[in-house]
>>> print(open('query.cif').read())   # mmCIF, C-alpha atoms and all ligand atoms
data_work
loop_
_atom_site.label_atom_id
_atom_site.label_comp_id
_atom_site.auth_asym_id
_atom_site.auth_seq_id
_atom_site.Cartn_x
_atom_site.Cartn_y
_atom_site.Cartn_z
CA MET A 1 0.35 24.44 3.40
CA THR A 2 -1.51 22.16 5.72
CA ILE A 3 -2.76 18.64 5.32
CA VAL A 4 -6.50 18.74 4.81
CA SER A 5 -8.61 17.59 7.72
CA PRO A 6 -9.28 13.90 7.81
CA LYS A 7 -12.53 12.56 6.51
CA HIS A 8 -13.85 9.44 8.11
CA SER A 9 -15.79 6.46 6.93
CA SER A 10 -19.00 5.56 8.66
CA ASN A 11 -17.04 3.68 11.31
CA GLY A 12 -14.80 6.71 11.78
CA GLN A 13 -11.60 4.84 11.10
CA PHE A 14 -10.43 5.36 7.57
CA ARG A 15 -9.75 8.49 5.60
CA PHE A 16 -10.32 8.46 1.91
CA GLN A 17 -10.72 12.08 0.95
CA ALA A 18 -8.91 13.05 -2.25
CA ALA A 19 -5.48 14.41 -1.44
CA ALA A 20 -5.07 18.11 -1.64
CA ALA A 21 -7.76 20.68 -1.36
CA THR A 22 -5.03 23.18 -2.09
CA GLY A 23 -5.06 22.92 -5.89
CA PRO A 24 -2.52 21.47 -8.27
CA GLU A 25 1.15 22.29 -7.74
CA THR A 26 2.06 21.55 -11.36
CA ALA A 27 0.24 20.33 -14.46
CA GLY A 28 1.31 16.78 -13.54
CA SER A 29 0.03 17.01 -9.99
CA GLY A 30 -3.37 18.15 -11.31
CA ARG A 31 -3.74 14.86 -13.15
CA TRP A 32 -3.13 12.59 -10.19
CA GLN A 33 -5.22 14.72 -7.87
CA GLN A 34 -8.03 14.57 -10.39
CA ALA A 35 -7.69 10.77 -10.51
CA LEU A 36 -8.11 10.67 -6.73
CA LYS A 37 -11.10 12.98 -6.83
CA THR A 38 -12.88 10.96 -9.50
CA ALA A 39 -12.16 7.53 -7.99
CA VAL A 40 -15.18 5.24 -7.73
CA ARG A 41 -16.68 5.16 -4.24
CA ASP A 42 -20.10 3.71 -5.00
CA PRO A 43 -20.32 -0.10 -5.34
CA ARG A 44 -23.28 0.35 -7.70
CA GLU A 45 -21.10 2.37 -10.08
CA LEU A 46 -18.26 -0.14 -9.95
CA CYS A 47 -20.64 -3.00 -10.74
CA ARG A 48 -22.26 -1.00 -13.53
CA LEU A 49 -18.90 -0.10 -15.10
CA LEU A 50 -17.85 -3.75 -15.09
CA GLU A 51 -21.29 -5.10 -16.01
CA LEU A 52 -21.47 -7.33 -12.96
CA PRO A 53 -24.60 -9.25 -11.93
CA GLU A 54 -27.00 -7.64 -9.45
CA ALA A 55 -26.09 -10.03 -6.62
CA TRP A 56 -22.54 -8.65 -6.48
CA GLN A 57 -23.90 -5.15 -6.10
CA THR A 58 -26.03 -6.05 -3.14
CA GLN A 59 -23.22 -7.69 -1.16
CA ALA A 60 -20.79 -4.91 -2.08
CA ILE A 61 -23.13 -2.25 -0.74
CA GLU A 62 -23.47 -4.11 2.55
CA ALA A 63 -19.74 -4.81 3.02
CA ALA A 64 -18.78 -1.25 2.04
CA ARG A 65 -20.60 0.02 5.11
CA GLN A 66 -17.74 -1.32 7.23
CA PHE A 67 -14.88 -0.30 4.95
CA PRO A 68 -15.77 1.96 2.03
CA LEU A 69 -14.99 1.18 -1.57
CA PHE A 70 -12.36 3.40 -3.18
CA ALA A 71 -10.87 2.55 -6.57
CA PRO A 72 -9.32 4.84 -9.19
CA ARG A 73 -10.82 4.62 -12.66
CA GLY A 74 -7.47 3.92 -14.30
CA PHE A 75 -7.14 0.78 -12.16
CA ILE A 76 -10.71 -0.28 -12.93
CA ALA A 77 -9.89 0.05 -16.64
CA ARG A 78 -7.34 -2.77 -16.20
CA MET A 79 -10.06 -5.18 -15.00
CA ARG A 80 -11.98 -7.62 -17.19
CA PRO A 81 -15.66 -6.68 -17.62
CA ARG A 82 -18.31 -9.24 -16.61
CA ASP A 83 -15.85 -11.21 -14.48
CA PRO A 84 -16.56 -11.04 -10.74
CA HIS A 85 -13.43 -13.12 -10.15
CA ASP A 86 -11.05 -10.76 -11.89
CA PRO A 87 -7.93 -10.64 -9.67
CA LEU A 88 -7.77 -6.84 -9.68
CA LEU A 89 -11.46 -6.46 -8.96
CA ARG A 90 -11.18 -8.91 -6.07
CA GLN A 91 -8.71 -6.58 -4.38
CA VAL A 92 -11.18 -3.69 -4.30
CA LEU A 93 -14.73 -5.05 -4.43
CA PRO A 94 -16.41 -5.24 -0.99
CA MET A 95 -17.66 -8.79 -0.45
CA ALA A 96 -20.08 -10.49 1.92
CA GLU A 97 -17.27 -12.57 3.48
CA GLU A 98 -15.81 -9.40 5.00
CA THR A 99 -18.65 -9.18 7.48
CA ALA A 100 -17.96 -12.66 8.93
CA VAL A 101 -16.37 -12.83 12.37
CA VAL A 102 -13.51 -15.33 12.17
CA ALA A 103 -11.50 -16.46 15.20
CA GLY A 104 -7.88 -15.34 15.05
CA PHE A 105 -8.59 -12.34 12.83
CA ASP A 106 -8.63 -9.05 14.70
CA ARG A 107 -8.50 -5.30 14.32
CA ASP A 108 -4.80 -4.82 15.05
CA PRO A 109 -3.20 -7.99 13.65
CA VAL A 110 0.42 -6.84 13.81
CA ALA A 111 0.20 -4.90 17.09
CA ASP A 112 0.63 -1.43 15.59
CA GLN A 113 -0.80 0.08 18.76
CA ALA A 114 1.82 -1.56 20.97
CA ALA A 115 4.55 -0.27 18.64
CA THR A 116 3.35 3.35 18.76
CA LEU A 117 5.94 5.73 20.23
CA SER A 118 3.83 8.87 19.77
CA PRO A 119 0.78 9.65 17.63
CA GLY A 120 1.60 8.50 14.08
CA LEU A 121 5.12 7.27 14.93
CA LEU A 122 5.75 3.52 15.19
CA GLN A 123 8.86 1.49 15.86
CA LYS A 124 9.00 -2.27 15.43
CA TYR A 125 12.56 -2.88 14.28
CA ALA A 126 16.01 -1.62 15.25
CA GLY A 127 17.30 1.45 13.45
CA ARG A 128 14.01 2.25 11.68
CA VAL A 129 10.87 4.15 12.55
CA LEU A 130 7.65 4.41 10.58
CA MET A 131 5.57 7.55 10.19
CA VAL A 132 1.89 7.02 9.43
CA ALA A 133 1.93 10.12 7.26
CA THR A 134 -1.76 10.03 6.37
CA GLY A 135 -4.75 7.72 6.46
CA ARG A 136 -5.61 8.37 2.83
CA CYS A 137 -4.91 5.86 0.07
CA ALA A 138 -5.30 5.71 -3.68
CA VAL A 139 -7.27 2.52 -3.28
CA HIS A 140 -8.94 0.62 -0.46
CA CYS A 141 -7.42 -2.85 -0.56
CA ARG A 142 -9.94 -5.19 1.00
CA TYR A 143 -7.17 -7.17 2.76
CA CYS A 144 -5.47 -4.09 4.25
CA PHE A 145 -3.94 -4.84 7.65
CA ARG A 146 -4.62 -1.23 8.66
CA ARG A 147 -8.26 -1.20 7.66
CA HIS A 148 -9.19 -0.56 11.31
CA PHE A 149 -6.26 1.72 12.17
CA PRO A 150 -7.25 4.83 14.20
CA TYR A 151 -5.82 7.32 11.72
CA SER A 152 -7.64 10.25 13.28
CA ALA A 153 -5.27 10.12 16.27
CA GLY A 154 -2.25 11.03 14.10
CA PRO A 155 -0.82 14.46 13.18
CA HIS A 156 -2.61 16.47 10.49
CA SER A 157 0.09 18.99 9.52
CA VAL A 158 3.86 19.21 9.33
CA ASP A 159 3.84 21.10 12.63
CA GLY A 160 1.78 18.28 14.12
CA TRP A 161 4.79 16.08 13.42
CA LEU A 162 7.12 18.14 15.62
CA PRO A 163 6.89 15.84 18.68
CA ALA A 164 7.65 12.82 16.48
CA LEU A 165 10.55 14.64 14.81
CA ASP A 166 11.92 15.55 18.25
CA GLN A 167 11.63 11.93 19.27
CA ILE A 168 13.54 10.75 16.19
CA ALA A 169 16.18 13.44 16.77
CA ALA A 170 16.63 12.24 20.34
CA ASP A 171 17.43 8.66 19.31
CA PRO A 172 20.77 8.35 17.50
CA THR A 173 20.17 4.65 16.81
CA VAL A 174 17.50 5.53 14.21
CA HIS A 175 19.00 5.73 10.72
CA GLU A 176 15.96 5.26 8.52
CA VAL A 177 12.48 6.75 8.40
CA ILE A 178 9.68 4.98 6.55
CA LEU A 179 6.86 7.16 5.26
CA SER A 180 3.80 4.97 5.28
CA GLY A 181 0.09 5.27 5.94
CA GLY A 182 -2.38 5.05 4.39
CA ASP A 183 -0.33 6.13 1.42
CA PRO A 184 2.11 9.01 1.87
CA LEU A 185 2.02 9.86 -1.83
CA THR A 186 -1.60 11.01 -1.51
CA LEU A 187 -0.05 14.07 0.14
CA VAL A 188 1.09 16.94 -2.06
CA ASP A 189 4.76 17.22 -2.92
CA SER A 190 5.28 20.59 -1.25
CA LEU A 191 4.27 19.05 2.05
CA LEU A 192 6.31 15.90 1.53
CA ALA A 193 9.33 17.97 0.52
CA GLU A 194 9.01 20.00 3.70
CA LEU A 195 8.77 16.86 5.80
CA ALA A 196 11.80 15.37 4.03
CA GLU A 197 13.72 18.60 4.65
CA ARG A 198 12.96 18.50 8.36
CA LEU A 199 13.98 14.86 8.53
CA ALA A 200 17.22 15.61 6.68
CA GLU A 201 18.11 18.11 9.42
CA ILE A 202 18.41 15.19 11.85
CA PRO A 203 22.08 14.30 11.52
CA HIS A 204 21.90 10.59 12.33
CA LEU A 205 19.22 9.86 9.69
CA ARG A 206 20.63 8.34 6.52
CA ARG A 207 17.72 6.92 4.54
CA LEU A 208 14.15 7.84 3.66
CA ARG A 209 11.91 5.02 2.56
CA VAL A 210 8.48 5.50 0.99
CA HIS A 211 5.85 2.76 1.06
CA THR A 212 3.27 3.46 -1.62
CA ARG A 213 0.75 1.97 -4.03
CA LEU A 214 0.34 5.23 -5.96
CA PRO A 215 2.77 4.47 -8.82
CA ILE A 216 0.72 1.31 -9.49
CA MET A 217 -2.76 2.74 -8.92
CA ILE A 218 -2.28 6.21 -10.39
CA PRO A 219 1.00 6.23 -12.34
CA GLU A 220 0.58 9.96 -13.09
CA ARG A 221 1.67 10.44 -9.47
CA VAL A 222 5.32 10.00 -10.50
CA THR A 223 5.75 13.67 -11.38
CA ASP A 224 8.92 15.69 -11.90
CA ARG A 225 8.20 17.41 -8.58
CA LEU A 226 8.07 14.07 -6.78
CA LEU A 227 11.34 12.95 -8.32
CA SER A 228 12.88 16.30 -7.51
CA TRP A 229 12.28 16.23 -3.75
CA LEU A 230 13.04 12.52 -3.51
CA THR A 231 16.42 12.92 -5.16
CA GLY A 232 17.05 16.38 -3.73
CA THR A 233 17.24 15.36 -0.09
CA ARG A 234 20.59 14.34 1.40
CA LEU A 235 18.83 11.18 2.66
CA ALA A 236 19.13 8.12 0.43
CA PRO A 237 15.65 7.50 -1.01
CA ILE A 238 14.13 4.02 -1.33
CA MET A 239 10.74 3.37 -2.90
CA ILE A 240 8.68 0.30 -2.02
CA VAL A 241 5.71 -0.11 -4.33
CA HIS A 242 2.92 -2.67 -4.00
CA ALA A 243 1.65 -4.75 -6.91
CA ASN A 244 0.08 -8.17 -6.43
CA HIS A 245 -0.71 -9.26 -9.97
CA PRO A 246 0.97 -8.72 -13.36
CA ALA A 247 -2.23 -7.27 -14.84
CA GLU A 248 -1.74 -4.27 -12.54
CA ILE A 249 1.32 -3.26 -14.53
CA ASP A 250 0.20 -1.70 -17.80
CA GLY A 251 2.15 0.62 -20.09
CA ASP A 252 1.61 3.74 -17.97
CA VAL A 253 2.66 1.95 -14.79
CA SER A 254 5.75 0.59 -16.55
CA GLU A 255 6.67 4.09 -17.60
CA ALA A 256 6.15 5.46 -14.09
CA LEU A 257 8.32 2.74 -12.56
CA GLY A 258 10.96 3.42 -15.22
CA ARG A 259 11.01 7.10 -14.24
CA LEU A 260 11.65 6.20 -10.61
CA VAL A 261 14.47 3.84 -11.53
CA ASP A 262 15.97 6.23 -14.08
CA ALA A 263 16.06 8.89 -11.37
CA GLY A 264 18.35 6.59 -9.41
CA ILE A 265 15.79 5.65 -6.76
CA PRO A 266 16.12 2.01 -5.68
CA THR A 267 12.61 0.64 -6.26
CA LEU A 268 11.34 -2.63 -4.82
CA ASN A 269 7.96 -4.33 -4.77
CA GLN A 270 6.05 -5.98 -1.99
CA ALA A 271 3.09 -8.22 -2.66
CA VAL A 272 0.62 -9.99 -0.42
CA LEU A 273 -0.24 -13.61 -1.09
CA LEU A 274 -4.00 -13.50 -1.68
CA ARG A 275 -6.46 -16.29 -2.34
CA GLY A 276 -8.13 -15.81 -5.71
CA VAL A 277 -5.68 -13.09 -6.72
CA ASN A 278 -2.14 -14.44 -6.95
CA ASP A 279 -2.06 -17.85 -5.23
CA ASP A 280 -0.75 -19.39 -8.40
CA VAL A 281 2.83 -19.94 -9.51
CA ASP A 282 2.20 -18.78 -13.08
CA VAL A 283 0.74 -15.50 -11.86
CA LEU A 284 3.52 -14.81 -9.37
CA ALA A 285 6.24 -15.81 -11.82
CA ALA A 286 4.76 -13.42 -14.39
CA LEU A 287 4.60 -10.66 -11.79
CA CYS A 288 8.21 -11.15 -10.66
CA GLU A 289 9.55 -11.33 -14.21
CA ARG A 290 7.63 -8.23 -15.24
CA LEU A 291 9.02 -6.35 -12.25
CA VAL A 292 12.59 -7.46 -12.87
CA ASP A 293 12.31 -6.52 -16.55
CA LEU A 294 11.31 -3.05 -15.35
CA ARG A 295 14.30 -3.02 -12.97
CA VAL A 296 12.06 -3.22 -9.89
CA MET A 297 13.20 -5.89 -7.45
CA PRO A 298 10.64 -8.31 -5.94
CA TYR A 299 11.26 -7.77 -2.24
CA TYR A 300 8.61 -9.39 -0.06
CA LEU A 301 5.75 -11.80 -0.58
CA HIS A 302 3.76 -11.31 2.60
CA GLN A 303 1.65 -13.94 4.23
CA LEU A 304 -1.69 -12.22 4.87
CA ASP A 305 -1.86 -10.30 8.14
CA ARG A 306 -4.85 -11.71 9.98
CA VAL A 307 -7.00 -8.62 10.04
CA ALA A 308 -10.74 -8.80 10.76
CA GLY A 309 -12.66 -8.81 7.48
CA ALA A 310 -9.96 -10.42 5.34
CA ALA A 311 -10.03 -14.10 6.36
CA HIS A 312 -11.31 -15.16 2.92
CA PHE A 313 -8.04 -13.95 1.37
CA GLU A 314 -5.83 -16.22 3.47
CA VAL A 315 -3.71 -18.85 1.72
CA PRO A 316 -2.42 -21.63 4.01
CA GLU A 317 1.32 -21.35 4.58
CA ASP A 318 2.03 -24.83 3.24
CA VAL A 319 0.38 -23.82 -0.05
CA GLY A 320 2.39 -20.59 -0.07
CA LEU A 321 5.57 -22.56 0.50
CA GLN A 322 4.84 -24.84 -2.44
CA ILE A 323 4.25 -21.85 -4.68
CA VAL A 324 7.50 -20.19 -3.58
CA GLU A 325 9.44 -23.42 -4.10
CA GLN A 326 8.12 -23.60 -7.65
CA LEU A 327 9.07 -19.96 -8.15
CA ARG A 328 12.62 -20.77 -7.04
CA ALA A 329 12.76 -23.56 -9.61
CA ARG A 330 11.70 -21.21 -12.38
CA LEU A 331 13.33 -17.87 -11.71
CA PRO A 332 16.79 -16.57 -10.92
CA GLY A 333 17.29 -16.13 -7.18
CA TYR A 334 17.18 -12.33 -7.34
CA ALA A 335 13.68 -12.49 -8.88
CA VAL A 336 12.15 -14.51 -6.02
CA PRO A 337 10.72 -12.39 -3.20
CA GLN A 338 11.25 -13.36 0.42
CA TYR A 339 8.14 -15.12 1.70
CA VAL A 340 7.56 -13.64 5.16
CA ARG A 341 5.00 -13.03 7.82
CA GLU A 342 4.92 -10.32 10.41
CA VAL A 343 4.74 -11.60 13.96
CA ALA A 344 4.07 -9.03 16.66
CA GLY A 345 7.11 -8.60 18.91
CA GLU A 346 9.59 -10.31 16.58
CA PRO A 347 12.64 -8.17 15.71
CA PHE A 348 12.26 -8.77 11.94
CA LYS A 349 9.79 -10.10 9.39
CA VAL A 350 9.87 -13.83 9.92
CA PRO A 351 10.93 -15.81 6.83
CA ILE A 352 8.66 -18.74 6.00
CA TRP A 353 10.76 -21.79 5.20
CA LYS A 354 10.20 -25.50 5.20
S1 LIG B 401 -2.72 -1.95 1.65
FE1 LIG B 401 -1.72 0.07 1.52
S2 LIG B 401 -2.73 1.08 -0.24
FE2 LIG B 401 -4.01 -0.65 0.34
S3 LIG B 401 -5.53 0.23 1.73
FE3 LIG B 401 -3.86 -0.56 2.99
S4 LIG B 401 -2.49 1.15 3.35
FE4 LIG B 401 -3.84 1.68 1.61
#
>>> encode(input="query.cif", output="structure tokens")
Amino acid sequence: MTIVSPKHSSNGQFRFQAAAATGPETAGSGRWQQALKTAVRDPRELCRLLELPEAWQTQAIEAARQFPLFAPRGFIARMRPRDPHDPLLRQVLPMAEETAVVAGFDRDPVADQAATLSPGLLQKYAGRVLMVATGRCAVHCRYCFRRHFPYSAGPHSVDGWLPALDQIAADPTVHEVILSGGDPLTLVDSLLAELAERLAEIPHLRRLRVHTRLPIMIPERVTDRLLSWLTGTRLAPIMIVHANHPAEIDGDVSEALGRLVDAGIPTLNQAVLLRGVNDDVDVLAALCERLVDLRVMPYYLHQLDRVAGAAHFEVPEDVGLQIVEQLRARLPGYAVPQYVREVAGEPFKVPIWK
């Protein structure tokens, strides 16, 4: 089975084609693939579904030319109608501010290109490498730090990964592989299982980490087949999901997260601090408590990566610090995520402290 050819946005830099053209692998996989296929791509449709005023449509159409809209219907159903400031909508609705050129915000804010070892393979930190497994996602987050990433340069099949696998095999200091993207869980399980198998053949690898928004966006993605290959590999699996606001976690998402945890997969959450979405202690406290109640550990709260098109989401660090301090005063220590920013060239995510 091969990964389907990439499909590009008008600027040629982002793939958003629904995952597998190869048909469902199981009844469960059919549901999540269908959710990808039927995701809303037209700003007019999104605005109509949510009964938004005409002006929002016009700016969304313009901004989507640079970075297309892509939002699954199940996620849209969690938004409040007639509220252009809904925190979930804000994460996906193209806005006029995205077209502004702002000093200090660029196309490669965390120096992914400088960290590239071979097409699709990045290394920033000791002992870990990151595979950009695909450019596809279940949602286009307007603040995405990889919204300009040249995904088309990466491998498009398991065989295309052979040079990267050889490179990992040649470096005994690498103990962990991170499957990232895009979102690796937009790929079908048969392909992911094959990739995991090939990675497991590398004796010095010990862990396989998956960075994904799928369990939040399309909870049907947590299928038996997914759990089976994740727990079937000799590599220790770790799942890092991405929710920014408690309203993202409805009953189906809770159940999906529970299935991951029940399968024995350590599951953590990373969030991005976003103006107008979660720059509020009540919101973040509710998110962290909800996660902990579901046995998902709040891991990181990221300061926004300064990517071109996302300046309007930035929260000043001193404001972020105040919010995190208030979180510490309210929650047990294990429920407070580490507030960090990524600085190109630094050997770890830099903690933000007073
Ligand atoms: S933040 Fe993650 S899920 Fe969102 S668009 Fe970027 S890579 Fe995709």
>>> axis_aligned_box(input="query.cif", around="segment 315-334 of chain A", padding_each_side="5 Å", output="lines of an AutoDock Vina configuration file")
center_x = 6.8
center_y = -18.6
center_z = -3.9
size_x = 31.0
size_y = 22.5
size_z = 27.0
>>> residues_near_point(input="query.cif", point="(20.8, 12.1, -7.8)", cutoff="8 Å", atoms="all atoms listed in the file", output="PyMOL selection string")
chain A and resi 231-232+263-264
>>> residues_near_ligand(input="query.cif", ligand="ligand LIG 401 (chain B)", cutoff="10 Å", atoms="all atoms listed in the file", output="NGL selection string")
:A and (14-16 or 67 or 70 or 91-92 or 132 or 134-149 or 180-184 or 211-214 or 216-217 or 241-243 or 271-272)
>>> closest_residue(input="query.cif", among="A:Met79, A:Leu36, A:Leu199, A:Leu287", to="Glu51 of chain A", atoms="all atoms listed in the file")
A:Met79
>>> atom_distance(input="query.cif", atom1="atom CA of Gln167 of chain A", atom2="atom CA of Asp305 of chain A")
28.3 Å
>>> atom_distance(input="query.cif", atom1="atom CA of Pro94 of chain A", atom2="atom CA of Thr38 of chain A")
18.6 Å
>>> residues_around(input="query.cif", residues="segment 337-340 of chain A", least_positions_apart="2", cutoff="9 Å", atoms="all atoms listed in the file", output="PyMOL selection string")
chain A and resi 269-271+273+288+297-303+320-321+324+333-335+342+349-353
>>> closest_residue(input="query.cif", among="A:Ile323, A:Leu268, A:Val307, A:Leu50", to="Val110 of chain A", atoms="only C-alpha atoms")
A:Val307
>>> closest_residue(input="query.cif", among="A:Leu52, A:Leu162, A:Leu331, A:Met95", to="Asp83 of chain A", atoms="all atoms listed in the file")
A:Leu52
>>> residues_near_point(input="query.cif", point="(-4.9, 6.5, 13.4)", cutoff="8 Å", atoms="all atoms listed in the file", output="list in words")
Gln13, Pro119, Gly120, Val132, Gly135, Phe149, Pro150, Tyr151, Ser152, Ala153 and Gly154 of chain A
>>> atom_distance(input="query.cif", atom1="atom CA of Ile218 of chain A", atom2="atom CA of His245 of chain A")
15.6 Å
>>> closest_residue(input="query.cif", among="A:Arg295, A:Arg73, A:Arg275, A:Arg259", to="Val315 of chain A", atoms="only C-alpha atoms")
A:Arg275
>>> build_atoms(input="query.cif", residues="segment 265-274 of chain A", atoms="all heavy atoms", output="tab-separated table (two decimals), keeping the file's coordinate frame")
chain	number	residue	atom	x	y	z
A	265	ILE	N	16.44	6.03	-8.02
A	265	ILE	CA	15.79	5.65	-6.76
A	265	ILE	C	15.64	4.13	-6.72
A	265	ILE	O	14.91	3.56	-7.55
A	265	ILE	CB	14.40	6.33	-6.64
A	265	ILE	CG1	14.56	7.85	-6.69
A	265	ILE	CG2	13.69	5.89	-5.37
A	265	ILE	CD1	13.29	8.60	-6.98
A	266	PRO	N	16.31	3.46	-5.79
A	266	PRO	CA	16.12	2.01	-5.68
A	266	PRO	C	14.63	1.73	-5.46
A	266	PRO	O	14.02	2.29	-4.55
A	266	PRO	CB	16.94	1.61	-4.45
A	266	PRO	CG	17.90	2.75	-4.25
A	266	PRO	CD	17.20	3.98	-4.77
A	267	THR	N	14.06	0.89	-6.31
A	267	THR	CA	12.61	0.64	-6.26
A	267	THR	C	12.37	-0.86	-6.13
A	267	THR	O	12.89	-1.65	-6.92
A	267	THR	CB	11.93	1.21	-7.52
A	267	THR	OG1	12.28	2.60	-7.64
A	267	THR	CG2	10.43	1.08	-7.47
A	268	LEU	N	11.62	-1.21	-5.11
A	268	LEU	CA	11.34	-2.63	-4.82
A	268	LEU	C	9.83	-2.81	-4.73
A	268	LEU	O	9.09	-1.84	-4.52
A	268	LEU	CB	11.99	-3.04	-3.50
A	268	LEU	CG	13.50	-2.90	-3.37
A	268	LEU	CD1	13.89	-1.55	-2.79
A	268	LEU	CD2	14.06	-4.00	-2.48
A	269	ASN	N	9.40	-4.05	-4.85
A	269	ASN	CA	7.96	-4.33	-4.77
A	269	ASN	C	7.66	-5.27	-3.63
A	269	ASN	O	8.39	-6.24	-3.39
A	269	ASN	CB	7.46	-4.99	-6.06
A	269	ASN	CG	5.94	-5.21	-6.02
A	269	ASN	OD1	5.17	-4.26	-6.05
A	269	ASN	ND2	5.52	-6.47	-5.93
A	270	GLN	N	6.57	-4.97	-2.92
A	270	GLN	CA	6.05	-5.98	-1.99
A	270	GLN	C	4.66	-6.38	-2.45
A	270	GLN	O	3.88	-5.56	-2.94
A	270	GLN	CB	6.08	-5.49	-0.55
A	270	GLN	CG	5.43	-4.17	-0.27
A	270	GLN	CD	5.61	-3.75	1.17
A	270	GLN	OE1	6.05	-4.53	2.02
A	270	GLN	NE2	5.26	-2.52	1.48
A	271	ALA	N	4.40	-7.67	-2.30
A	271	ALA	CA	3.09	-8.22	-2.66
A	271	ALA	C	2.55	-8.98	-1.47
A	271	ALA	O	3.30	-9.36	-0.56
A	271	ALA	CB	3.24	-9.17	-3.86
A	272	VAL	N	1.26	-9.17	-1.46
A	272	VAL	CA	0.62	-9.99	-0.42
A	272	VAL	C	0.06	-11.23	-1.11
A	272	VAL	O	-0.54	-11.11	-2.19
A	272	VAL	CB	-0.51	-9.21	0.28
A	272	VAL	CG1	-1.12	-10.05	1.40
A	272	VAL	CG2	-0.01	-7.88	0.83
A	273	LEU	N	0.29	-12.38	-0.52
A	273	LEU	CA	-0.24	-13.61	-1.09
A	273	LEU	C	-1.74	-13.66	-0.79
A	273	LEU	O	-2.14	-13.69	0.38
A	273	LEU	CB	0.49	-14.82	-0.48
A	273	LEU	CG	0.11	-16.18	-1.03
A	273	LEU	CD1	0.40	-16.29	-2.52
A	273	LEU	CD2	0.87	-17.28	-0.27
A	274	LEU	N	-2.55	-13.67	-1.84
A	274	LEU	CA	-4.00	-13.50	-1.68
A	274	LEU	C	-4.76	-14.58	-2.44
A	274	LEU	O	-4.57	-14.75	-3.65
A	274	LEU	CB	-4.42	-12.13	-2.24
A	274	LEU	CG	-3.80	-10.90	-1.55
A	274	LEU	CD1	-4.02	-9.65	-2.40
A	274	LEU	CD2	-4.40	-10.71	-0.16
